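Okay, query-v8.cif now, which holds mmCIF, C-alpha atoms:
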```
data_query
#
loop_
_atom_site.label_atom_id
_atom_site.label_comp_id
_atom_site.auth_asym_id
_atom_site.auth_seq_id
_atom_site.Cartn_x
_atom_site.Cartn_y
_atom_site.Cartn_z
CA MET C 20 67.73 98.48 83.59
CA GLU C 21 69.08 99.12 87.08
CA SER C 22 67.69 101.79 89.38
CA GLY C 23 71.10 103.46 89.54
CA VAL C 24 74.80 102.82 90.01
CA THR C 25 75.77 100.93 93.16
CA VAL C 26 79.03 102.41 94.42
CA ARG C 27 79.23 100.37 97.63
CA SER C 28 76.79 99.17 100.26
CA GLY C 29 74.66 102.11 101.33
CA VAL C 30 75.75 104.35 98.44
CA VAL C 31 73.68 104.19 95.24
CA ILE C 32 73.65 106.92 92.60
CA PRO C 33 70.03 107.22 91.37
CA GLU C 34 69.41 106.95 87.63
CA ALA C 35 67.85 110.44 87.68
CA GLU C 36 71.26 111.97 88.58
CA LEU C 37 73.02 110.38 85.58
CA THR C 38 73.17 112.10 82.20
CA TRP C 39 73.81 109.99 79.10
CA ARG C 40 75.05 111.17 75.68
CA PHE C 41 75.52 108.94 72.65
CA SER C 42 77.62 109.53 69.55
CA ARG C 43 79.33 107.65 66.79
CA SER C 44 82.30 105.68 67.96
CA SER C 45 85.63 105.78 66.20
CA GLY C 46 86.32 102.25 67.41
CA PRO C 47 85.32 98.85 65.99
CA GLY C 48 81.99 98.32 64.26
CA GLY C 49 82.42 96.97 60.75
CA GLN C 50 79.56 97.78 58.35
CA SER C 51 77.42 99.40 61.01
CA VAL C 52 80.14 101.77 62.23
CA ASN C 53 78.69 104.85 60.50
CA THR C 54 75.09 104.25 61.50
CA THR C 55 75.15 103.34 65.20
CA ASP C 56 75.71 105.71 68.08
CA SER C 57 77.74 103.25 70.14
CA ARG C 58 80.01 105.73 71.97
CA VAL C 59 78.67 106.58 75.41
CA GLU C 60 79.34 109.55 77.68
CA LEU C 61 78.09 109.29 81.24
CA SER C 62 78.01 112.49 83.30
CA PHE C 63 77.44 112.73 87.03
CA ASP C 64 77.15 115.98 88.98
CA VAL C 65 79.20 115.29 92.10
CA ALA C 66 78.74 118.80 93.48
CA SER C 67 74.93 118.69 93.67
CA THR C 68 74.25 114.99 94.23
CA SER C 69 71.98 113.76 97.00
CA ALA C 70 73.44 110.23 96.87
CA LEU C 71 76.50 111.18 98.94
CA SER C 72 76.60 112.56 102.47
CA ASP C 73 78.29 115.93 103.00
CA VAL C 74 81.49 114.25 104.25
CA LEU C 75 81.68 111.87 101.27
CA LYS C 76 80.79 114.65 98.82
CA THR C 77 83.58 116.88 100.17
CA ARG C 78 86.05 113.98 99.97
CA ALA C 79 84.98 113.16 96.38
CA LEU C 80 85.17 116.78 95.23
CA GLU C 81 88.64 117.12 96.73
CA ARG C 82 90.02 113.91 95.20
CA LEU C 83 88.36 114.30 91.77
CA GLN C 84 89.27 117.98 91.49
CA SER C 85 91.40 117.50 88.36
CA ARG C 86 88.64 115.56 86.55
CA LEU C 87 85.70 117.80 87.36
CA VAL C 88 84.25 120.48 85.10
CA ASP C 89 81.85 122.67 87.11
CA GLY C 90 81.43 119.85 89.62
CA VAL C 91 80.54 117.28 86.93
CA VAL C 92 82.60 114.18 86.16
CA THR C 93 82.26 112.62 82.69
CA ILE C 94 83.16 109.05 81.71
CA ALA C 95 83.44 108.08 78.03
CA ALA C 96 83.26 104.49 76.80
CA SER C 97 83.69 103.38 73.20
CA GLU C 98 85.64 100.14 73.37
CA TYR C 99 82.72 97.87 72.40
CA LYS C 100 80.61 97.70 69.24
CA SER C 101 77.44 97.54 71.30
CA GLN C 102 76.03 100.68 72.90
CA TRP C 103 74.63 98.55 75.73
CA ARG C 104 78.07 97.13 76.60
CA ASN C 105 79.59 100.61 76.46
CA ARG C 106 76.84 101.79 78.85
CA GLU C 107 77.71 98.97 81.25
CA ALA C 108 81.44 99.78 80.98
CA ALA C 109 80.79 103.48 81.71
CA ARG C 110 78.53 102.58 84.63
CA GLU C 111 81.18 100.28 86.12
CA ARG C 112 83.95 102.85 85.63
CA LEU C 113 81.88 105.53 87.35
CA ALA C 114 81.22 103.20 90.30
CA VAL C 115 84.96 102.44 90.67
CA LEU C 116 85.91 106.11 90.34
CA ILE C 117 83.44 107.26 92.99
CA ARG C 118 84.26 104.29 95.26
CA GLU C 119 87.96 105.25 95.23
CA ALA C 120 87.14 108.95 95.67
CA ILE C 121 85.01 108.41 98.79
CA ALA C 122 87.26 105.80 100.42
CA PRO C 123 88.44 106.80 103.88
CA PRO C 124 91.98 108.15 104.07
CA PRO C 125 94.66 105.63 105.08
CA ARG C 126 95.59 105.38 108.75
CA LYS C 127 98.49 107.45 109.98
CA ARG C 128 101.71 105.49 110.35
CA ARG C 129 102.63 104.85 113.93
CA PRO C 130 106.36 105.52 114.30
CA THR C 131 108.33 102.53 115.60
CA LYS C 132 111.94 101.91 116.58
CA PRO C 133 114.04 98.93 115.58
CA SER C 134 114.50 96.47 118.45
CA LYS C 135 117.80 96.45 120.34
CA GLY C 136 118.51 92.95 119.04
CA SER C 137 118.03 93.99 115.40
CA VAL C 138 120.29 97.03 115.86
CA ARG C 139 122.99 94.83 117.47
CA ARG C 140 122.73 92.22 114.67
CA ARG C 141 123.01 94.93 111.99
CA LEU C 142 126.11 96.45 113.60
CA ASP C 143 127.71 92.99 114.08
CA ASP C 144 127.09 92.23 110.38
CA LYS C 145 128.62 95.57 109.39
CA LYS C 146 131.72 94.85 111.48
CA ARG C 147 132.05 91.36 110.02
CA ARG C 148 131.63 92.69 106.47
CA GLY C 149 134.16 95.48 107.07
CA GLU C 150 136.65 92.96 108.46
CA THR C 151 136.16 90.74 105.39
CA LYS C 152 136.82 93.68 103.07
CA ARG C 153 139.81 94.84 105.10
CA LEU C 154 141.39 91.38 104.77
CA ARG C 155 141.07 91.58 100.98
CA GLY C 156 143.65 94.34 100.87
CA ARG C 157 147.32 93.80 100.00
CA PRO C 158 149.37 92.21 102.74
CA ASP C 159 151.77 94.56 104.49
CA ASP C 160 155.49 93.78 104.16
#
```
In structure tokens, write the structure found in this file.
Amino acid sequence: MESGVTVRSGVVIPEAELTWRFSRSSGPGGQSVNTTDSRVELSFDVASTSALSDVLKTRALERLQSRLVDGVVTIAASEYKSQWRNREAARERLAVLIREAIAPPPRKRRPTKPSKGSVRRRLDDKKRRGETKRLRGRPDD
């Protein structure tokens, strides 16, 4: 088993900070569906983790606000018959979720003006189009 969940280079969530719960899945399973605990719940305490710096932790808490319960995010996986595959799916989903939550904010848009040439071309086209439409009208007697 891995030593934790790799979010991105330099950010690894240690296995000790992950909490696993297993239960019976309502999904596929055939004959073994009532006997195997294949559904997986992976919980990660974002608020008290040591894997993220203060800046990244603040960013994650802010962006995951709607998904957190007392600072803990929970991922459930039950799409596979195998508990191991569900564990891998939950692990991967947690990595993607945290990666997106700690991503730096997008750069501010630098306001720009249209070039003089593009403004002139647009106005020329408008005049030409207006003239075309005007000529479609009924001829005057």
What is the atom CA of Val26 of chain C-atom CA of Val92 of chain C distance in Å, reported with one decimal?
->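 Atom CA of Val92 of chain C lies 14.8 Å from atom CA of Val26 of chain C.
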Nearest to Leu113 of chain C by atom-to-atom distance, counting all atoms listed in the file, from C:Asp64, C:Asp143, C:Asp56, C:Asp89 =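 For Leu113 of chain C, the nearest of the candidates is C:Asp64.
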Between atom CA of Thr77 of chain C and atom CA of Ile117 of chain C, what is the distance, to one decimal in Å?
->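 Between these atoms lies a distance of 12.0 Å.
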Evaluate the PyMOL selection byres ((chain C and resi 91) around 10) on the structure here and hand back the selected residues as JSON, numbers by chain.
-> {"C": [62, 63, 64, 65, 66, 67, 68, 80, 83, 84, 86, 87, 88, 89, 90, 92, 93]}
Using all atoms listed in the file: which of C:Ala70, C:Ala95, C:Ala109, C:Ala122 has the shortest distance to Ser42 of chain C =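 Checking each of C:Ala70, C:Ala95, C:Ala109, C:Ala122 against Ser42 of chain C, counting all atoms listed in the file, the winner is C:Ala95.
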Selection dump of the PyMOL selection byres ((chain C and resi 35) around 12), as a list of chain:residue names =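 Evaluating the PyMOL selection byres ((chain C and resi 35) around 12) on these coordinates yields C:Glu21, C:Ser22, C:Gly23, C:Val24, C:Val31, C:Ile32, C:Pro33, C:Glu34, C:Glu36, C:Leu37, C:Thr38, C:Trp39, C:Ser62, C:Phe63, C:Asp64, C:Thr68, C:Ser69, C:Ala70.
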Atom-to-atom span, atom CA of Phe41 of chain C and atom CA of Ser97 of chain C, Å |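 According to the coordinates, atom CA of Phe41 of chain C and atom CA of Ser97 of chain C are separated by 9.9 Å.
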